[in-house]
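Chemist: Pasting a structure below so you can have a look.
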Amino acid sequence: MDCLFCAFLADPEPPIHTVLRDEVALAFLDHRPLFPGHLLVVPVAHVPTLTELPAELVGPFFDRVRRLTGATERAMAARGSFVAMNNRVSQSVPHLHVHVVPRNPKDGLRGFFWPRRRYADEAEASRTADLLRAALADPIG
């Protein structure tokens, strides 16, 4: 399969830390996060770019992005978030994906130079995914 995200969607046990999966979207931890809790949210349908997202999926997809953004802020005790996507240029996987990144004042991100890191180990990634799933299940926080 040429699309990594479609391969994740086709795999009953993908090698990712899934936070949400339903008929509209898959959300999982970025393997090289800017900060712990950095999520990628992808539509279940293979859609290369935002301009190709069918109109009937725009609302449902971005409702998931909105909910995941709130859950990320709560789970990671973040004061805010950065939500972004690339279309074609700098799009590492040719499948629409939205980055949801927890942010705090003076967190070190400036301009567009963002050092990425990896989780220390699978246990750290699993704990982070658990926190995000719990926050998503409790929208009041």
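Numbering starts fresh at 1 for the residues of each chain in the structure tokens, the chains themselves are lettered A, B, ... in the order given, and ligands are numbered from 1 as they appear.
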Please identify all polymer residues within 12 Å of segment 101-107 of chain A, counting only C-alpha atoms, omitting same-chain residues fewer than 6 positions from it, and present them as a PyMOL selection string.

Modeler: chain A and resi 28-30+32-41+65+68-85+114-116+132

Chemist: Assign secondary structure with DSSP using the backbone only, and return the residues of segment 17-99 of chain A in helix (DSSP H, G or I) as number ranges by chain.

Modeler: A: 50-52, 55-75

Chemist: Would you save the residues from that selection as a PDB file, in the first residue's frame, using N, CA and C atoms?

Modeler:
```
ATOM      1  N   LEU A  50      -6.690  18.978   1.750  1.00  0.00           N
ATOM      2  CA  LEU A  50      -7.904  19.617   2.249  1.00  0.00           C
ATOM      3  C   LEU A  50      -8.865  19.964   1.118  1.00  0.00           C
ATOM      4  N   THR A  51      -8.332  20.433   0.014  1.00  0.00           N
ATOM      5  CA  THR A  51      -9.218  20.827  -1.090  1.00  0.00           C
ATOM      6  C   THR A  51      -9.951  19.633  -1.702  1.00  0.00           C
ATOM      7  N   GLU A  52      -9.491  18.429  -1.423  1.00  0.00           N
ATOM      8  CA  GLU A  52     -10.134  17.226  -1.942  1.00  0.00           C
ATOM      9  C   GLU A  52     -11.060  16.555  -0.920  1.00  0.00           C
ATOM     10  N   ALA A  55     -17.268  17.816   0.719  1.00  0.00           N
ATOM     11  CA  ALA A  55     -17.989  18.796   1.533  1.00  0.00           C
ATOM     12  C   ALA A  55     -18.742  18.144   2.684  1.00  0.00           C
ATOM     13  N   GLU A  56     -19.318  16.963   2.444  1.00  0.00           N
ATOM     14  CA  GLU A  56     -20.099  16.311   3.496  1.00  0.00           C
ATOM     15  C   GLU A  56     -19.228  15.770   4.632  1.00  0.00           C
ATOM     16  N   LEU A  57     -17.916  15.718   4.440  1.00  0.00           N
ATOM     17  CA  LEU A  57     -17.009  15.267   5.511  1.00  0.00           C
ATOM     18  C   LEU A  57     -16.344  16.416   6.255  1.00  0.00           C
ATOM     19  N   VAL A  58     -16.421  17.618   5.722  1.00  0.00           N
ATOM     20  CA  VAL A  58     -15.739  18.757   6.353  1.00  0.00           C
ATOM     21  C   VAL A  58     -16.215  18.936   7.793  1.00  0.00           C
ATOM     22  N   GLY A  59     -17.522  19.045   7.996  1.00  0.00           N
ATOM     23  CA  GLY A  59     -18.056  19.242   9.349  1.00  0.00           C
ATOM     24  C   GLY A  59     -17.731  18.093  10.282  1.00  0.00           C
ATOM     25  N   PRO A  60     -18.057  16.844   9.909  1.00  0.00           N
ATOM     26  CA  PRO A  60     -17.750  15.728  10.796  1.00  0.00           C
ATOM     27  C   PRO A  60     -16.253  15.580  11.096  1.00  0.00           C
ATOM     28  N   PHE A  61     -15.405  15.760  10.078  1.00  0.00           N
ATOM     29  CA  PHE A  61     -13.963  15.625  10.300  1.00  0.00           C
ATOM     30  C   PHE A  61     -13.460  16.703  11.257  1.00  0.00           C
ATOM     31  N   PHE A  62     -13.823  17.951  10.994  1.00  0.00           N
ATOM     32  CA  PHE A  62     -13.314  19.018  11.853  1.00  0.00           C
ATOM     33  C   PHE A  62     -13.977  19.045  13.221  1.00  0.00           C
ATOM     34  N   ASP A  63     -15.138  18.400  13.374  1.00  0.00           N
ATOM     35  CA  ASP A  63     -15.685  18.204  14.711  1.00  0.00           C
ATOM     36  C   ASP A  63     -14.754  17.299  15.515  1.00  0.00           C
ATOM     37  N   ARG A  64     -14.224  16.260  14.882  1.00  0.00           N
ATOM     38  CA  ARG A  64     -13.254  15.398  15.573  1.00  0.00           C
ATOM     39  C   ARG A  64     -11.993  16.169  15.913  1.00  0.00           C
ATOM     40  N   VAL A  65     -11.501  16.976  14.980  1.00  0.00           N
ATOM     41  CA  VAL A  65     -10.308  17.785  15.245  1.00  0.00           C
ATOM     42  C   VAL A  65     -10.564  18.710  16.432  1.00  0.00           C
ATOM     43  N   ARG A  66     -11.738  19.344  16.468  1.00  0.00           N
ATOM     44  CA  ARG A  66     -12.087  20.250  17.564  1.00  0.00           C
ATOM     45  C   ARG A  66     -12.098  19.509  18.898  1.00  0.00           C
ATOM     46  N   ARG A  67     -12.760  18.355  18.950  1.00  0.00           N
ATOM     47  CA  ARG A  67     -12.840  17.580  20.188  1.00  0.00           C
ATOM     48  C   ARG A  67     -11.458  17.103  20.635  1.00  0.00           C
ATOM     49  N   LEU A  68     -10.652  16.646  19.694  1.00  0.00           N
ATOM     50  CA  LEU A  68      -9.308  16.176  20.018  1.00  0.00           C
ATOM     51  C   LEU A  68      -8.416  17.313  20.491  1.00  0.00           C
ATOM     52  N   THR A  69      -8.620  18.500  19.950  1.00  0.00           N
ATOM     53  CA  THR A  69      -7.850  19.662  20.405  1.00  0.00           C
ATOM     54  C   THR A  69      -8.141  19.948  21.874  1.00  0.00           C
ATOM     55  N   GLY A  70      -9.410  19.964  22.244  1.00  0.00           N
ATOM     56  CA  GLY A  70      -9.770  20.171  23.648  1.00  0.00           C
ATOM     57  C   GLY A  70      -9.222  19.083  24.543  1.00  0.00           C
ATOM     58  N   ALA A  71      -9.324  17.836  24.102  1.00  0.00           N
ATOM     59  CA  ALA A  71      -8.810  16.715  24.891  1.00  0.00           C
ATOM     60  C   ALA A  71      -7.300  16.816  25.065  1.00  0.00           C
ATOM     61  N   THR A  72      -6.605  17.224  24.014  1.00  0.00           N
ATOM     62  CA  THR A  72      -5.151  17.367  24.087  1.00  0.00           C
ATOM     63  C   THR A  72      -4.762  18.437  25.094  1.00  0.00           C
ATOM     64  N   GLU A  73      -5.436  19.570  25.049  1.00  0.00           N
ATOM     65  CA  GLU A  73      -5.128  20.638  26.004  1.00  0.00           C
ATOM     66  C   GLU A  73      -5.360  20.160  27.435  1.00  0.00           C
ATOM     67  N   ARG A  74      -6.472  19.474  27.674  1.00  0.00           N
ATOM     68  CA  ARG A  74      -6.768  19.004  29.035  1.00  0.00           C
ATOM     69  C   ARG A  74      -5.787  17.924  29.473  1.00  0.00           C
ATOM     70  N   ALA A  75      -5.570  16.938  28.630  1.00  0.00           N
ATOM     71  CA  ALA A  75      -4.731  15.800  29.002  1.00  0.00           C
ATOM     72  C   ALA A  75      -3.287  16.200  29.260  1.00  0.00           C
TER      73      ALA A  75
END
```

Chemist: When you count only C-alpha atoms, which of these residues is closest to Val98 of chain A: A:Cys6, A:Asn86, A:Ala125, A:Asp11?

Modeler: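 Ranked by minimum distance to Val98 of chain A, first place goes to A:Asn86.
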